[in-house]
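Take a look at the structure below.
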Amino acid sequence: MKICITSTGKDLHASVDQRFGRCPYFLIIDTESKQVKTIDNESTIASGGAGIQAAQIVTNEKVGAVITGNVGPNAFNVLHAAGIKVFSGASGTIQEVLEQYSKGKLQEVHAATQASHFGLGGHIP
(Lines give C-alpha, C1' and ligand atoms only; values in the text may rest on other atoms or scores of the structure.)
Protein backbone atom coordinates (compact mmCIF):
# COMPACT_ATOMS: atom_id res chain seq x y z
CA MET A 1 0.00 0.00 0.00
CA LYS A 2 1.10 3.56 -0.64
CA ILE A 3 0.81 6.18 2.09
CA CYS A 4 1.30 9.93 1.98
CA ILE A 5 3.01 11.90 4.75
CA THR A 6 3.04 15.70 4.86
CA SER A 7 6.65 16.81 5.12
CA THR A 8 8.86 19.84 5.71
CA GLY A 9 11.61 18.28 3.57
CA LYS A 10 12.36 15.80 0.82
CA ASP A 11 13.58 12.76 2.77
CA LEU A 12 12.83 10.49 5.73
CA HIS A 13 14.84 12.71 8.10
CA ALA A 14 12.51 15.68 7.57
CA SER A 15 9.76 16.50 10.04
CA VAL A 16 6.07 15.86 9.56
CA ASP A 17 4.43 19.14 8.56
CA GLN A 18 1.48 20.00 10.76
CA ARG A 19 -0.49 21.41 7.82
CA PHE A 20 -1.99 19.23 5.13
CA GLY A 21 -3.01 21.73 2.46
CA ARG A 22 0.00 24.00 2.73
CA CYS A 23 2.80 21.58 3.57
CA PRO A 24 5.82 22.03 1.26
CA TYR A 25 6.10 18.36 0.28
CA PHE A 26 4.20 15.11 0.18
CA LEU A 27 6.27 11.97 0.64
CA ILE A 28 4.57 9.02 -1.01
CA ILE A 29 5.88 5.82 0.51
CA ASP A 30 5.19 2.31 -0.71
CA THR A 31 5.04 0.28 2.50
CA GLU A 32 5.94 -2.94 0.66
CA SER A 33 8.81 -1.86 -1.60
CA LYS A 34 9.93 1.02 0.71
CA GLN A 35 10.24 3.30 -2.33
CA VAL A 36 9.82 7.00 -1.60
CA LYS A 37 8.50 9.58 -4.06
CA THR A 38 8.67 13.28 -3.20
CA ILE A 39 6.05 15.62 -4.59
CA ASP A 40 6.25 19.41 -4.34
CA ASN A 41 2.92 20.67 -3.05
CA GLU A 42 1.98 23.29 -5.61
CA SER A 43 -1.08 24.31 -3.59
CA THR A 44 1.08 26.08 -0.98
CA ILE A 45 0.89 29.26 -3.06
CA ALA A 46 -2.86 29.09 -3.71
CA SER A 47 -4.80 32.08 -2.48
CA GLY A 48 -7.67 29.76 -1.58
CA GLY A 49 -8.68 26.13 -1.90
CA ALA A 50 -5.25 24.79 -0.94
CA GLY A 51 -6.72 21.87 0.99
CA ILE A 52 -8.87 20.73 -1.91
CA GLN A 53 -6.01 21.10 -4.39
CA ALA A 54 -3.63 19.21 -2.10
CA ALA A 55 -6.16 16.44 -1.57
CA GLN A 56 -6.55 16.08 -5.34
CA ILE A 57 -2.76 15.77 -5.74
CA VAL A 58 -2.70 13.02 -3.11
CA THR A 59 -5.77 11.27 -4.51
CA ASN A 60 -4.11 11.10 -7.94
CA GLU A 61 -1.24 9.15 -6.34
CA LYS A 62 -3.67 6.34 -5.38
CA VAL A 63 -2.62 6.26 -1.73
CA GLY A 64 -4.55 4.33 0.91
CA ALA A 65 -3.71 6.61 3.82
CA VAL A 66 -2.54 10.13 4.65
CA ILE A 67 -0.50 10.94 7.75
CA THR A 68 -0.34 14.58 8.85
CA GLY A 69 -0.47 16.88 11.81
CA ASN A 70 -3.86 18.41 10.99
CA VAL A 71 -6.38 18.39 8.18
CA GLY A 72 -9.13 20.88 7.40
CA PRO A 73 -12.72 20.09 6.44
CA ASN A 74 -12.45 20.56 2.67
CA ALA A 75 -9.36 18.40 2.34
CA PHE A 76 -10.79 15.78 4.68
CA ASN A 77 -13.98 15.55 2.63
CA VAL A 78 -12.07 15.00 -0.62
CA LEU A 79 -9.81 12.36 0.96
CA HIS A 80 -12.73 10.62 2.66
CA ALA A 81 -14.75 10.55 -0.58
CA ALA A 82 -11.76 8.87 -2.28
CA GLY A 83 -11.64 6.19 0.43
CA ILE A 84 -8.33 7.41 1.85
CA LYS A 85 -7.82 6.94 5.58
CA VAL A 86 -6.54 9.98 7.46
CA PHE A 87 -4.24 9.81 10.48
CA SER A 88 -3.60 13.09 12.29
CA GLY A 89 -1.66 14.31 15.29
CA ALA A 90 1.57 12.92 13.87
CA SER A 91 4.82 14.62 14.83
CA GLY A 92 8.53 13.88 14.65
CA THR A 93 10.53 12.76 11.65
CA ILE A 94 9.03 10.93 8.71
CA GLN A 95 11.02 7.83 9.72
CA GLU A 96 9.64 7.94 13.28
CA VAL A 97 6.10 8.33 12.03
CA LEU A 98 6.53 5.41 9.61
CA GLU A 99 7.55 3.23 12.54
CA GLN A 100 4.54 4.41 14.56
CA TYR A 101 2.26 3.67 11.60
CA SER A 102 3.64 0.16 11.12
CA LYS A 103 3.05 -0.55 14.83
CA GLY A 104 -0.55 0.75 14.68
CA LYS A 105 0.18 3.64 17.04
CA LEU A 106 -1.30 6.47 14.96
CA GLN A 107 -4.84 7.78 15.45
CA GLU A 108 -7.20 7.55 12.48
CA VAL A 109 -9.61 10.48 12.37
CA HIS A 110 -13.13 10.51 10.97
CA ALA A 111 -13.54 14.29 10.69
CA ALA A 112 -11.44 17.39 10.12
CA THR A 113 -9.07 18.34 12.94
CA GLN A 114 -8.86 22.06 12.12
CA ALA A 115 -11.12 24.76 10.77
CA SER A 116 -10.85 26.05 7.21
CA HIS A 117 -7.84 28.30 6.48
CA PHE A 118 -5.78 26.87 9.39
CA GLY A 119 -2.56 26.85 7.37
CA LEU A 120 -2.73 30.47 6.26
CA GLY A 121 -1.03 31.74 9.42
CA GLY A 122 2.28 30.16 8.52
CA HIS A 123 3.97 26.99 9.66
CA ILE A 124 2.72 25.54 12.93
CA PRO A 125 5.51 23.51 14.56
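Quick note on naming: the chains in the C-alpha coordinates go A, B, ... in the order shown, residues restart at 1 in each chain, and ligands are numbered from 1 in order of appearance.
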
- Message: Could you pull out the strand (DSSP E or B) residues of chain A, going by DSSP on the backbone, and write them as a VMD selection string?
- Response: chain A and resid 2 to 7 15 to 16 25 to 30 36 to 40 65 to 67 85 to 88 93 107 to 109

- Using only C-alpha atoms, which of A:Met1, A:Lys34, A:Pro24, A:Gly9 sits nearest A:Lys85? A:Met1

- Task: Enumerate, as a list of chain:residue names, the complete set of residues in stretch 54-107 of chain A that a backbone-based DSSP assignment places in alpha helix (DSSP H).
- Result: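 Assigned to alpha helix (DSSP H), within stretch 54-107 of chain A: A:Ala54, A:Ala55, A:Gln56, A:Ile57, A:Val58, A:Thr59, A:Asn60, A:Pro73, A:Asn74, A:Ala75, A:Phe76, A:Asn77, A:Val78, A:Leu79, A:His80, A:Ala81, A:Ile94, A:Gln95, A:Glu96, A:Val97, A:Leu98, A:Glu99, A:Gln100, A:Tyr101, A:Ser102.
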
Which residues of stretch 16-43 of chain A sit at most 10 Å from stretch 63-74 of chain A, using only C-alpha atoms? Give each one's shortest atom pair and distance in Å (one decimal place), in chain and ascending residue order, as JSON lines.
```
{"residue": "A:Val16", "atom": "CA", "partner": "A:Thr68", "partner_atom": "CA", "distance": 6.6}
{"residue": "A:Asp17", "atom": "CA", "partner": "A:Gly69", "partner_atom": "CA", "distance": 6.3}
{"residue": "A:Gln18", "atom": "CA", "partner": "A:Gly69", "partner_atom": "CA", "distance": 3.8}
{"residue": "A:Arg19", "atom": "CA", "partner": "A:Asn70", "partner_atom": "CA", "distance": 5.5}
{"residue": "A:Phe20", "atom": "CA", "partner": "A:Val71", "partner_atom": "CA", "distance": 5.4}
{"residue": "A:Gly21", "atom": "CA", "partner": "A:Val71", "partner_atom": "CA", "distance": 7.4}
{"residue": "A:Cys23", "atom": "CA", "partner": "A:Thr68", "partner_atom": "CA", "distance": 9.3}
{"residue": "A:Phe26", "atom": "CA", "partner": "A:Val66", "partner_atom": "CA", "distance": 9.5}
{"residue": "A:Leu27", "atom": "CA", "partner": "A:Val66", "partner_atom": "CA", "distance": 9.9}
{"residue": "A:Ile28", "atom": "CA", "partner": "A:Val63", "partner_atom": "CA", "distance": 7.7}
{"residue": "A:Ile29", "atom": "CA", "partner": "A:Val63", "partner_atom": "CA", "distance": 8.8}
{"residue": "A:Asp30", "atom": "CA", "partner": "A:Val63", "partner_atom": "CA", "distance": 8.8}
```

- Fewer than 2 positions away in the same chain doesn't count, so skip those; otherwise give me all residues within 6 Å of stretch 90-103 of chain A, counting only C-alpha atoms, as a list in words. Leu12, His13, Ala14, Ser15, Val16, Thr68, Gly69, Ser88, Lys105 and Leu106 of chain A

Go ahead and dump the residues you just picked, N, CA and C atoms, as a tab-separated table (two decimals), in the first residue's frame.
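Output file out-v4.tsv is given in full below:
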```tsv
chain	number	residue	atom	x	y	z
A	12	LEU	N	13.38	11.11	4.51
A	12	LEU	CA	12.83	10.49	5.73
A	12	LEU	C	13.32	11.15	7.01
A	13	HIS	N	14.32	12.01	6.92
A	13	HIS	CA	14.84	12.71	8.10
A	13	HIS	C	14.12	14.02	8.35
A	14	ALA	N	13.29	14.44	7.41
A	14	ALA	CA	12.51	15.68	7.57
A	14	ALA	C	11.42	15.46	8.61
A	15	SER	N	10.84	16.56	9.06
A	15	SER	CA	9.76	16.50	10.04
A	15	SER	C	8.41	16.43	9.35
A	16	VAL	N	7.44	15.85	10.03
A	16	VAL	CA	6.07	15.86	9.56
A	16	VAL	C	5.57	17.30	9.63
A	68	THR	N	-0.61	13.15	8.76
A	68	THR	CA	-0.34	14.58	8.85
A	68	THR	C	-0.51	15.05	10.28
A	69	GLY	N	-0.22	16.30	10.50
A	69	GLY	CA	-0.47	16.88	11.81
A	69	GLY	C	-1.94	17.22	11.95
A	88	SER	N	-4.10	11.76	11.93
A	88	SER	CA	-3.60	13.09	12.29
A	88	SER	C	-2.93	13.06	13.66
A	105	LYS	N	0.24	2.67	15.94
A	105	LYS	CA	0.18	3.64	17.04
A	105	LYS	C	-0.34	5.02	16.63
A	106	LEU	N	-0.77	5.19	15.39
A	106	LEU	CA	-1.30	6.47	14.96
A	106	LEU	C	-2.82	6.46	15.04
```

- Message: Can you pull out the residues contacting A:Ser43? Cut-off 6 Å, using only C-alpha atoms, and skip same-chain residues under 4 positions away; I want them as a list in words.
- Response: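 Contacts, in chain order: Ala50, Gln53 and Ala54 of chain A.
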
- For atom CA of A:Asn77 and atom CA of A:Ala55, determine how far apart the two atoms are, in Å to one decimal place. 8.9 Å

- Query: Using only C-alpha atoms, which of A:Asn41, A:Thr113, A:Ser33, A:Ser7 sits nearest A:Val58?
  - Reply: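 So, comparing all the options, the nearest one is A:Asn41.
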
- Task: Check the smallest atom-to-atom distance from each of A:Arg22, A:Val36, A:Ile45, A:Thr31 to A:Lys10 using only C-alpha atoms, then report the winner.
- Result: A:Val36

- Message: Let me make sure I understand: among A:Ile57, A:Ile39, A:Ile52, A:Cys4, which one has the smallest atom-to-atom distance to A:Ala75 if we use only C-alpha atoms?
- Response: A:Ile52

- Gap from atom CA of A:Gly83 to atom CA of A:Asp11 - Å, one decimal: 26.2 Å
